[in-house]
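> File name work-v7.pdb; file contents PDB, C-alpha atoms; full text below.
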MODEL        1
ATOM      1  CA  MET A 493       0.000   0.000   0.000
ATOM      2  CA  MET A 494       1.255   3.459  -0.915
ATOM      3  CA  THR A 495       2.043   5.808   1.884
ATOM      4  CA  LYS A 496      -0.033   8.859   2.621
ATOM      5  CA  MET A 497       1.695  12.226   2.474
ATOM      6  CA  VAL A 498       0.418  15.165   4.495
ATOM      7  CA  LEU A 499       0.065  18.353   2.433
ATOM      8  CA  ASN A 500      -1.461  20.664   4.985
ATOM      9  CA  LYS A 501      -2.873  20.342   8.474
ATOM     10  CA  ASP A 502      -4.644  22.053  11.324
ATOM     11  CA  SER A 503      -5.921  20.942  14.694
ATOM     12  CA  MET A 504      -8.922  22.087  16.693
ATOM     13  CA  ARG A 505     -10.122  21.584  20.245
ATOM     14  CA  ILE A 506     -13.779  20.650  20.598
ATOM     15  CA  GLU A 507     -15.172  21.430  24.021
ATOM     16  CA  ARG A 508     -18.706  22.730  23.577
ATOM     17  CA  GLU A 509     -21.563  22.314  21.112
ATOM     18  CA  GLN A 510     -20.791  25.806  19.786
ATOM     19  CA  ASP A 511     -17.483  24.437  18.472
ATOM     20  CA  VAL A 512     -19.276  22.092  16.055
ATOM     21  CA  VAL A 513     -20.233  24.654  13.396
ATOM     22  CA  PRO A 514     -16.796  26.391  13.184
ATOM     23  CA  PHE A 515     -15.203  22.935  12.986
ATOM     24  CA  ARG A 516     -17.463  21.922  10.101
ATOM     25  CA  ASN A 517     -16.614  25.172   8.317
ATOM     26  CA  ARG A 518     -12.900  24.495   8.735
ATOM     27  CA  VAL A 519     -13.300  20.998   7.266
ATOM     28  CA  ARG A 520     -15.209  22.531   4.354
ATOM     29  CA  GLU A 521     -12.352  24.996   3.707
ATOM     30  CA  PHE A 522      -9.896  22.096   3.514
ATOM     31  CA  ALA A 523     -12.188  20.134   1.172
ATOM     32  CA  VAL A 524     -12.778  23.123  -1.114
ATOM     33  CA  LYS A 525      -9.043  23.781  -1.264
ATOM     34  CA  ILE A 526      -8.283  20.340  -2.751
ATOM     35  CA  GLY A 527     -11.185  20.745  -5.189
ATOM     36  CA  MET A 528     -13.528  18.146  -3.685
ATOM     37  CA  GLY A 529     -16.975  18.093  -5.330
ATOM     38  CA  ILE A 530     -20.118  19.143  -3.504
ATOM     39  CA  VAL A 531     -21.519  15.636  -2.910
ATOM     40  CA  ASN A 532     -18.282  14.292  -1.425
ATOM     41  CA  GLN A 533     -17.869  17.481   0.586
ATOM     42  CA  THR A 534     -21.348  17.045   2.026
ATOM     43  CA  LYS A 535     -20.679  13.395   2.890
ATOM     44  CA  LEU A 536     -17.363  14.236   4.550
ATOM     45  CA  ILE A 537     -18.766  17.119   6.586
ATOM     46  CA  THR A 538     -21.807  15.119   7.644
ATOM     47  CA  ALA A 539     -19.521  12.269   8.786
ATOM     48  CA  ALA A 540     -17.337  14.801  10.625
ATOM     49  CA  SER A 541     -20.398  16.272  12.293
ATOM     50  CA  GLU A 542     -21.591  12.857  13.496
ATOM     51  CA  LEU A 543     -18.185  11.969  14.944
ATOM     52  CA  VAL A 544     -17.670  15.302  16.640
ATOM     53  CA  ARG A 545     -21.104  15.086  18.263
ATOM     54  CA  ASN A 546     -20.287  11.565  19.476
ATOM     55  CA  MET A 547     -17.082  12.893  20.964
ATOM     56  CA  LEU A 548     -18.949  15.667  22.806
ATOM     57  CA  LYS A 549     -21.700  13.363  24.009
ATOM     58  CA  TYR A 550     -19.642  10.440  25.237
ATOM     59  CA  ALA A 551     -16.302  12.016  26.119
ATOM     60  CA  GLY A 552     -17.182  15.671  26.796
ATOM     61  CA  GLY A 553     -14.963  16.783  23.903
ATOM     62  CA  GLY A 554     -11.499  16.177  22.532
ATOM     63  CA  ALA A 555      -9.169  17.166  19.728
ATOM     64  CA  VAL A 556      -9.496  16.871  15.957
ATOM     65  CA  LEU A 557      -6.658  16.838  13.467
ATOM     66  CA  ILE A 558      -7.625  17.968   9.946
ATOM     67  CA  GLU A 559      -5.196  16.980   7.185
ATOM     68  CA  ALA A 560      -5.091  17.318   3.430
ATOM     69  CA  ILE A 561      -3.287  14.195   2.246
ATOM     70  CA  SER A 562      -2.125  12.571  -0.962
ATOM     71  CA  GLN A 563      -1.548   8.961  -1.880
ATOM     72  CA  GLY A 564      -0.227   8.393  -5.376
ATOM     73  CA  ARG A 565      -2.426  10.513  -7.627
ATOM     74  CA  GLU A 566      -5.278  10.788  -5.157
ATOM     75  CA  THR A 567      -5.776  13.679  -2.795
ATOM     76  CA  GLY A 568      -8.154  13.630   0.107
ATOM     77  CA  ILE A 569      -8.991  14.778   3.605
ATOM     78  CA  ARG A 570      -8.136  12.808   6.724
ATOM     79  CA  LEU A 571      -9.773  13.638  10.058
ATOM     80  CA  THR A 572      -8.563  12.170  13.337
ATOM     81  CA  PHE A 573     -10.784  12.492  16.405
ATOM     82  CA  GLU A 574      -9.080  11.844  19.701
ATOM     83  CA  ASP A 575     -10.753  11.872  23.096
ATOM     84  CA  LYS A 576      -9.948  10.814  26.623
ATOM     85  CA  GLY A 577     -13.429   9.594  27.385
ATOM     86  CA  PRO A 578     -14.637   6.282  28.811
ATOM     87  CA  GLY A 579     -13.821   4.370  25.620
ATOM     88  CA  ILE A 580     -15.974   1.853  23.795
ATOM     89  CA  GLY A 581     -16.112  -1.588  25.379
ATOM     90  CA  ASP A 582     -17.295  -3.547  22.356
ATOM     91  CA  ILE A 583     -16.359  -1.877  19.066
ATOM     92  CA  ALA A 584     -17.920  -4.631  16.932
ATOM     93  CA  LEU A 585     -21.245  -4.008  18.677
ATOM     94  CA  ALA A 586     -20.936  -0.210  18.346
ATOM     95  CA  MET A 587     -20.371  -0.643  14.605
ATOM     96  CA  LYS A 588     -23.564  -2.662  14.120
ATOM     97  CA  ASP A 589     -26.428  -0.949  12.320
ATOM     98  CA  GLY A 590     -29.160   0.045  14.713
ATOM     99  CA  TYR A 591     -27.087  -0.128  17.875
ATOM    100  CA  SER A 592     -26.788   2.872  20.152
ATOM    101  CA  SER A 593     -26.033   3.238  23.806
ATOM    102  CA  GLY A 594     -27.027   6.901  23.827
ATOM    103  CA  LYS A 595     -30.112   8.851  22.885
ATOM    104  CA  SER A 596     -29.167   9.230  19.231
ATOM    105  CA  LEU A 597     -30.816   7.416  16.355
ATOM    106  CA  GLY A 598     -28.369   4.531  16.451
ATOM    107  CA  ILE A 599     -27.026   5.292  12.994
ATOM    108  CA  GLY A 600     -23.943   7.077  14.270
ATOM    109  CA  LEU A 601     -20.907   4.884  13.623
ATOM    110  CA  PRO A 602     -22.083   2.498  10.870
ATOM    111  CA  GLY A 603     -23.881   5.337   9.045
ATOM    112  CA  THR A 604     -20.788   7.491   9.280
ATOM    113  CA  LYS A 605     -18.607   4.687   7.948
ATOM    114  CA  ARG A 606     -20.741   4.459   4.817
ATOM    115  CA  LEU A 607     -20.073   8.133   4.023
ATOM    116  CA  VAL A 608     -16.282   7.889   3.878
ATOM    117  CA  ASN A 609     -13.632   5.762   2.122
ATOM    118  CA  GLU A 610     -11.569   4.727   5.128
ATOM    119  CA  PHE A 611     -12.726   4.361   8.705
ATOM    120  CA  ASP A 612     -10.544   3.277  11.566
ATOM    121  CA  ILE A 613     -11.445   3.146  15.241
ATOM    122  CA  LYS A 614      -9.301   2.330  18.243
ATOM    123  CA  SER A 615     -10.547   2.418  21.784
ATOM    124  CA  LYS A 616      -9.430   1.404  25.234
ATOM    125  CA  THR A 617     -11.904   1.279  28.087
ATOM    126  CA  GLY A 618     -11.052   4.003  30.570
ATOM    127  CA  GLU A 619      -8.473   5.660  28.324
ATOM    128  CA  GLY A 620     -10.274   7.026  25.323
ATOM    129  CA  THR A 621     -11.144   6.594  21.674
ATOM    130  CA  THR A 622      -9.442   7.567  18.426
ATOM    131  CA  VAL A 623     -11.408   7.570  15.180
ATOM    132  CA  SER A 624      -9.743   8.304  11.871
ATOM    133  CA  ILE A 625     -11.569   8.780   8.566
ATOM    134  CA  VAL A 626     -10.401   9.494   5.023
ATOM    135  CA  LYS A 627     -12.478  10.873   2.171
ATOM    136  CA  TRP A 628     -10.759  10.932  -1.216
ATOM    137  CA  LYS A 629     -11.474  13.808  -3.562
ATOM    138  CA  ASN A 630     -12.791  11.365  -6.171
ATOM    139  CA  GLY A 631     -13.770   8.634  -3.715
TER
ATOM    140  CA  MET B 632     -30.814  34.605  22.979
ATOM    141  CA  GLU B 633     -30.812  33.858  19.250
ATOM    142  CA  ARG B 634     -33.994  32.440  17.779
ATOM    143  CA  ILE B 635     -35.270  31.242  14.428
ATOM    144  CA  PRO B 636     -38.290  33.362  13.425
ATOM    145  CA  ILE B 637     -41.617  31.612  12.856
ATOM    146  CA  LEU B 638     -44.070  33.337  10.507
ATOM    147  CA  ARG B 639     -47.784  32.752  10.524
ATOM    148  CA  MET B 640     -49.675  32.644   7.259
ATOM    149  CA  GLY B 641     -53.325  31.693   7.549
ATOM    150  CA  HIS B 642     -53.512  28.140   8.854
ATOM    151  CA  PHE B 643     -49.807  27.577   8.365
ATOM    152  CA  LEU B 644     -46.553  28.362  10.105
ATOM    153  CA  LEU B 645     -43.465  29.066   8.003
ATOM    154  CA  VAL B 646     -39.894  28.608   9.124
ATOM    155  CA  THR B 647     -36.810  29.272   7.017
ATOM    156  CA  ILE B 648     -33.617  27.857   8.446
ATOM    157  CA  GLN B 649     -30.815  29.952   6.968
ATOM    158  CA  ILE B 650     -27.918  29.171   9.250
ATOM    159  CA  ASP B 651     -26.317  25.972  10.473
ATOM    160  CA  LEU B 652     -28.133  25.264  13.702
ATOM    161  CA  TYR B 653     -26.248  24.461  16.834
ATOM    162  CA  ASP B 654     -27.966  22.240  19.342
ATOM    163  CA  ARG B 655     -29.490  24.863  21.638
ATOM    164  CA  LEU B 656     -30.929  26.845  18.737
ATOM    165  CA  ALA B 657     -32.446  23.705  17.247
ATOM    166  CA  THR B 658     -34.089  22.539  20.457
ATOM    167  CA  ASN B 659     -35.454  26.068  21.025
ATOM    168  CA  LEU B 660     -36.995  25.996  17.568
ATOM    169  CA  GLU B 661     -38.607  22.658  18.381
ATOM    170  CA  ALA B 662     -40.190  24.068  21.535
ATOM    171  CA  ASP B 663     -41.203  27.391  19.944
ATOM    172  CA  LEU B 664     -42.900  25.680  17.020
ATOM    173  CA  VAL B 665     -44.959  23.331  19.141
ATOM    174  CA  GLN B 666     -46.065  26.190  21.384
ATOM    175  CA  MET B 667     -46.946  28.265  18.340
ATOM    176  CA  VAL B 668     -49.007  25.405  16.864
ATOM    177  CA  ASN B 669     -50.845  25.195  20.165
ATOM    178  CA  ARG B 670     -51.450  28.948  20.432
ATOM    179  CA  THR B 671     -52.519  29.602  16.863
ATOM    180  CA  GLY B 672     -54.234  26.313  16.066
ATOM    181  CA  ALA B 673     -52.091  26.094  12.934
ATOM    182  CA  ARG B 674     -52.857  23.081  10.745
ATOM    183  CA  GLY B 675     -49.567  22.949   8.909
ATOM    184  CA  VAL B 676     -45.867  23.667   9.432
ATOM    185  CA  LEU B 677     -43.591  24.388   6.483
ATOM    186  CA  ILE B 678     -39.835  24.238   7.052
ATOM    187  CA  ASP B 679     -37.538  25.538   4.331
ATOM    188  CA  ILE B 680     -34.042  24.022   4.552
ATOM    189  CA  SER B 681     -32.723  25.191   1.175
ATOM    190  CA  ALA B 682     -29.933  27.130   2.878
ATOM    191  CA  LEU B 683     -28.672  24.132   4.855
ATOM    192  CA  ASN B 684     -25.505  22.480   3.545
ATOM    193  CA  ILE B 685     -25.600  19.730   6.127
ATOM    194  CA  VAL B 686     -28.332  17.654   7.731
ATOM    195  CA  ASP B 687     -26.761  15.264  10.211
ATOM    196  CA  SER B 688     -28.574  12.794  12.463
ATOM    197  CA  PHE B 689     -29.047  15.512  15.107
ATOM    198  CA  MET B 690     -30.770  17.841  12.633
ATOM    199  CA  GLY B 691     -32.701  14.878  11.225
ATOM    200  CA  ARG B 692     -33.956  14.081  14.701
ATOM    201  CA  ILE B 693     -35.061  17.699  15.248
ATOM    202  CA  LEU B 694     -37.041  17.653  11.974
ATOM    203  CA  GLY B 695     -38.548  14.289  12.889
ATOM    204  CA  ASN B 696     -39.462  15.528  16.370
ATOM    205  CA  ILE B 697     -41.155  18.623  14.970
ATOM    206  CA  GLY B 698     -43.127  16.349  12.625
ATOM    207  CA  SER B 699     -44.229  13.995  15.398
ATOM    208  CA  MET B 700     -45.082  16.732  17.876
ATOM    209  CA  SER B 701     -47.046  18.690  15.288
ATOM    210  CA  LYS B 702     -48.893  15.523  14.299
ATOM    211  CA  ILE B 703     -50.042  15.035  17.882
ATOM    212  CA  MET B 704     -51.223  18.661  17.834
ATOM    213  CA  ASP B 705     -53.140  17.894  14.607
ATOM    214  CA  ALA B 706     -50.794  19.734  12.248
ATOM    215  CA  GLU B 707     -48.906  18.366   9.250
ATOM    216  CA  THR B 708     -45.228  19.145   8.653
ATOM    217  CA  VAL B 709     -43.578  19.536   5.277
ATOM    218  CA  VAL B 710     -39.847  20.045   4.744
ATOM    219  CA  VAL B 711     -38.949  21.802   1.494
ATOM    220  CA  GLY B 712     -35.902  22.801  -0.518
ATOM    221  CA  MET B 713     -33.454  20.046   0.415
ATOM    222  CA  GLN B 714     -30.226  20.302  -1.562
ATOM    223  CA  PRO B 715     -29.488  17.248  -3.766
ATOM    224  CA  ALA B 716     -26.137  16.551  -2.044
ATOM    225  CA  VAL B 717     -27.918  16.587   1.324
ATOM    226  CA  ALA B 718     -30.517  14.087   0.074
ATOM    227  CA  ILE B 719     -27.797  11.724  -1.216
ATOM    228  CA  THR B 720     -25.929  11.947   2.084
ATOM    229  CA  LEU B 721     -29.035  11.377   4.214
ATOM    230  CA  ILE B 722     -29.880   8.148   2.399
ATOM    231  CA  GLU B 723     -26.334   6.818   2.656
ATOM    232  CA  LEU B 724     -26.244   7.741   6.318
ATOM    233  CA  GLY B 725     -29.415   5.707   6.759
ATOM    234  CA  LEU B 726     -31.621   8.534   7.936
ATOM    235  CA  GLU B 727     -35.188   8.546   6.675
ATOM    236  CA  LEU B 728     -37.132  11.604   7.689
ATOM    237  CA  LYS B 729     -40.036   9.705   9.200
ATOM    238  CA  GLY B 730     -43.147  11.655  10.092
ATOM    239  CA  VAL B 731     -42.459  14.615   7.827
ATOM    240  CA  HIS B 732     -43.604  15.184   4.274
ATOM    241  CA  THR B 733     -41.178  16.633   1.772
ATOM    242  CA  ALA B 734     -41.652  18.854  -1.269
ATOM    243  CA  LEU B 735     -39.288  20.338  -3.803
ATOM    244  CA  ASN B 736     -39.888  23.995  -2.974
ATOM    245  CA  VAL B 737     -42.016  26.338  -0.875
ATOM    246  CA  GLU B 738     -44.745  26.609  -3.509
ATOM    247  CA  LYS B 739     -45.149  22.834  -3.844
ATOM    248  CA  GLY B 740     -44.950  22.505  -0.072
ATOM    249  CA  MET B 741     -47.842  24.923   0.412
ATOM    250  CA  GLU B 742     -49.912  23.004  -2.150
ATOM    251  CA  LEU B 743     -49.192  19.761  -0.328
ATOM    252  CA  LEU B 744     -50.227  21.234   3.019
ATOM    253  CA  LYS B 745     -53.475  22.581   1.542
ATOM    254  CA  GLN B 746     -54.268  19.120   0.166
ATOM    255  CA  LYS B 747     -53.490  17.503   3.506
ATOM    256  CA  ILE B 748     -55.808  19.625   5.620
ATOM    257  CA  GLY B 749     -58.657  19.336   3.114
ATOM    258  CA  PRO B 750     -60.342  21.911   0.846
ATOM    259  CA  ALA B 751     -63.017  23.001   3.342
ATOM    260  CA  GLU B 752     -60.553  24.374   5.840
ATOM    261  CA  ALA B 753     -58.133  25.711   3.266
ATOM    262  CA  SER B 754     -60.839  27.917   1.760
ATOM    263  CA  ASP B 755     -61.816  29.698   4.972
ATOM    264  CA  GLU B 756     -58.222  30.788   5.325
ATOM    265  CA  ASP B 757     -59.246  34.399   4.575
ATOM    266  CA  ASP B 758     -61.202  34.619   7.835
ATOM    267  CA  ASP B 759     -58.205  35.117  10.035
ATOM    268  CA  GLU B 760     -55.561  36.157   7.572
ATOM    269  CA  ASP B 761     -54.561  39.149   9.670
ATOM    270  CA  GLY B 762     -55.202  37.364  12.919
ATOM    271  CA  THR B 763     -51.657  37.525  14.226
ATOM    272  CA  GLU B 764     -51.199  38.742  17.723
TER
ENDMDL
END
Kindly present the structure from the file in structure tokens form.


Amino acid sequence: MMTKMVLNKDSMRIEREQDVVPFRNRVREFAVKIGMGIVNQTKLITAASELVRNMLKYAGGGAVLIEAISQGRETGIRLTFEDKGPGIGDIALAMKDGYSSGKSLGIGLPGTKRLVNEFDIKSKTGEGTTVSIVKWKNG
Amino acid sequence: MERIPILRMGHFLLVTIQIDLYDRLATNLEADLVQMVNRTGARGVLIDISALNIVDSFMGRILGNIGSMSKIMDAETVVVGMQPAVAITLIELGLELKGVHTALNVEKGMELLKQKIGPAEASDEDDDEDGTE
């Protein structure tokens, strides 16, 4: 597999619900800059919005790294959400359609995964969760 | 505190969402709309989301809640003006807007609402056209 090169990056702290909209706008700026089309932009930002809300709800916030990346001829956006919350005990269960421990619609993680090209989640109970997604410009 | 304005037009309430809602604003809108339906006896709620670039599951839930609450108060809800990219994303995300009707634009939405509440009531709309308080 080809390695991913980072072209440009920025990080943001997410602590309150008011941080969600500026964060989405920042992701949009990154996506527009690499020339991502409107449908892929919308999918990426919706996925970002779902993940950032999860982070606020379950972990009380965290940090997000926004990166413009390239791999071979492809360019894309990678977002990494890192929190120090309670962690997810059973990731396989959390990724199942229709499952939710919170008051959301239960489409959070699996729905979000469908919107992006790469989805990676790591979690340790009591230590936190890291979710990383990639949306390619032409993905 | 910031609020989304709700306009009354005959038997209907009109809401245009022009900014990305944050959670507090969205839940306020939910409460305001239901109270307004109660106070005015409105039979229909029209929500224009043509300015929204994103509808995530939170926003979807707010729209669904407004639909269900209005239904209990005997009012129909129609969401109009969804951007094509938003529609594509919603389906892939797995979010169906249950409990709300949808229409392409405000005009078609108004027609739909008039059909839903029946011709008899739609025609006596003139009675209280200026009946805002």

> Taking the file as shown, find all residues satisfying the ChimeraX specification (/B :<6) & /A and write them as a PDB file with C-alpha atoms, in the frame of the given file.


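Output file result_21.pdb follows:
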ATOM      1  CA  VAL A 531     -21.519  15.636  -2.910  1.00  0.00           C
ATOM      2  CA  LYS A 535     -20.679  13.395   2.890  1.00  0.00           C
ATOM      3  CA  THR A 538     -21.807  15.119   7.644  1.00  0.00           C
ATOM      4  CA  GLY A 603     -23.881   5.337   9.045  1.00  0.00           C
TER       5      GLY A 603
END

> Do you know which residues the PyMOL selection byres ((chain B and resi 710) around 7) returns on this file, as a VMD selection string?

chain B and resid 677 to 679 708 to 709 711 731 to 734

> For each of A:Arg570, A:Ser615, A:Arg565, A:Glu559, take the minimum atom-to-atom distance to Ala586 in chain A, counting all atoms listed in the file, then give the residue where this is smallest.

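Answer, going by the shortest atom-to-atom distance: A:Ser615.
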
> I'd like to see the residues matched by the PyMOL selection byres ((chain A and resi 505-510) around 12) on this file, and ideally I'd get them as a PDB file with C-alpha atoms, keeping the file's coordinate frame.


ATOM      1  CA  ASP A 502      -4.644  22.053  11.324  1.00  0.00           C
ATOM      2  CA  SER A 503      -5.921  20.942  14.694  1.00  0.00           C
ATOM      3  CA  MET A 504      -8.922  22.087  16.693  1.00  0.00           C
ATOM      4  CA  ASP A 511     -17.483  24.437  18.472  1.00  0.00           C
ATOM      5  CA  VAL A 512     -19.276  22.092  16.055  1.00  0.00           C
ATOM      6  CA  VAL A 513     -20.233  24.654  13.396  1.00  0.00           C
ATOM      7  CA  PRO A 514     -16.796  26.391  13.184  1.00  0.00           C
ATOM      8  CA  PHE A 515     -15.203  22.935  12.986  1.00  0.00           C
ATOM      9  CA  ARG A 516     -17.463  21.922  10.101  1.00  0.00           C
ATOM     10  CA  SER A 541     -20.398  16.272  12.293  1.00  0.00           C
ATOM     11  CA  LEU A 543     -18.185  11.969  14.944  1.00  0.00           C
ATOM     12  CA  VAL A 544     -17.670  15.302  16.640  1.00  0.00           C
ATOM     13  CA  ARG A 545     -21.104  15.086  18.263  1.00  0.00           C
ATOM     14  CA  ASN A 546     -20.287  11.565  19.476  1.00  0.00           C
ATOM     15  CA  MET A 547     -17.082  12.893  20.964  1.00  0.00           C
ATOM     16  CA  LEU A 548     -18.949  15.667  22.806  1.00  0.00           C
ATOM     17  CA  LYS A 549     -21.700  13.363  24.009  1.00  0.00           C
ATOM     18  CA  TYR A 550     -19.642  10.440  25.237  1.00  0.00           C
ATOM     19  CA  ALA A 551     -16.302  12.016  26.119  1.00  0.00           C
ATOM     20  CA  GLY A 552     -17.182  15.671  26.796  1.00  0.00           C
ATOM     21  CA  GLY A 553     -14.963  16.783  23.903  1.00  0.00           C
ATOM     22  CA  GLY A 554     -11.499  16.177  22.532  1.00  0.00           C
ATOM     23  CA  ALA A 555      -9.169  17.166  19.728  1.00  0.00           C
ATOM     24  CA  VAL A 556      -9.496  16.871  15.957  1.00  0.00           C
ATOM     25  CA  LEU A 557      -6.658  16.838  13.467  1.00  0.00           C
ATOM     26  CA  ILE A 558      -7.625  17.968   9.946  1.00  0.00           C
ATOM     27  CA  THR A 572      -8.563  12.170  13.337  1.00  0.00           C
ATOM     28  CA  PHE A 573     -10.784  12.492  16.405  1.00  0.00           C
ATOM     29  CA  GLU A 574      -9.080  11.844  19.701  1.00  0.00           C
ATOM     30  CA  ASP A 575     -10.753  11.872  23.096  1.00  0.00           C
TER      31      ASP A 575
ATOM     32  CA  ASP B 651     -26.317  25.972  10.473  1.00  0.00           C
ATOM     33  CA  LEU B 652     -28.133  25.264  13.702  1.00  0.00           C
ATOM     34  CA  TYR B 653     -26.248  24.461  16.834  1.00  0.00           C
ATOM     35  CA  ASP B 654     -27.966  22.240  19.342  1.00  0.00           C
ATOM     36  CA  ARG B 655     -29.490  24.863  21.638  1.00  0.00           C
ATOM     37  CA  LEU B 656     -30.929  26.845  18.737  1.00  0.00           C
ATOM     38  CA  ALA B 657     -32.446  23.705  17.247  1.00  0.00           C
ATOM     39  CA  PHE B 689     -29.047  15.512  15.107  1.00  0.00           C
TER      40      PHE B 689
END

> One decimal, in Å: what's the spacing between CA of Gln649 in chain B and CA of Arg634 in chain B?

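Between CA of Gln649 in chain B and CA of Arg634 in chain B the gap is 11.5 Å.
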
> Taking only C-alpha atoms into account, name the residue in A:Thr534, A:Ser624, A:Pro602, A:Lys616 that is nearest to Leu585 in chain A.

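Of A:Thr534, A:Ser624, A:Pro602, A:Lys616, the one nearest Leu585 in chain A is A:Pro602, counting only C-alpha atoms.
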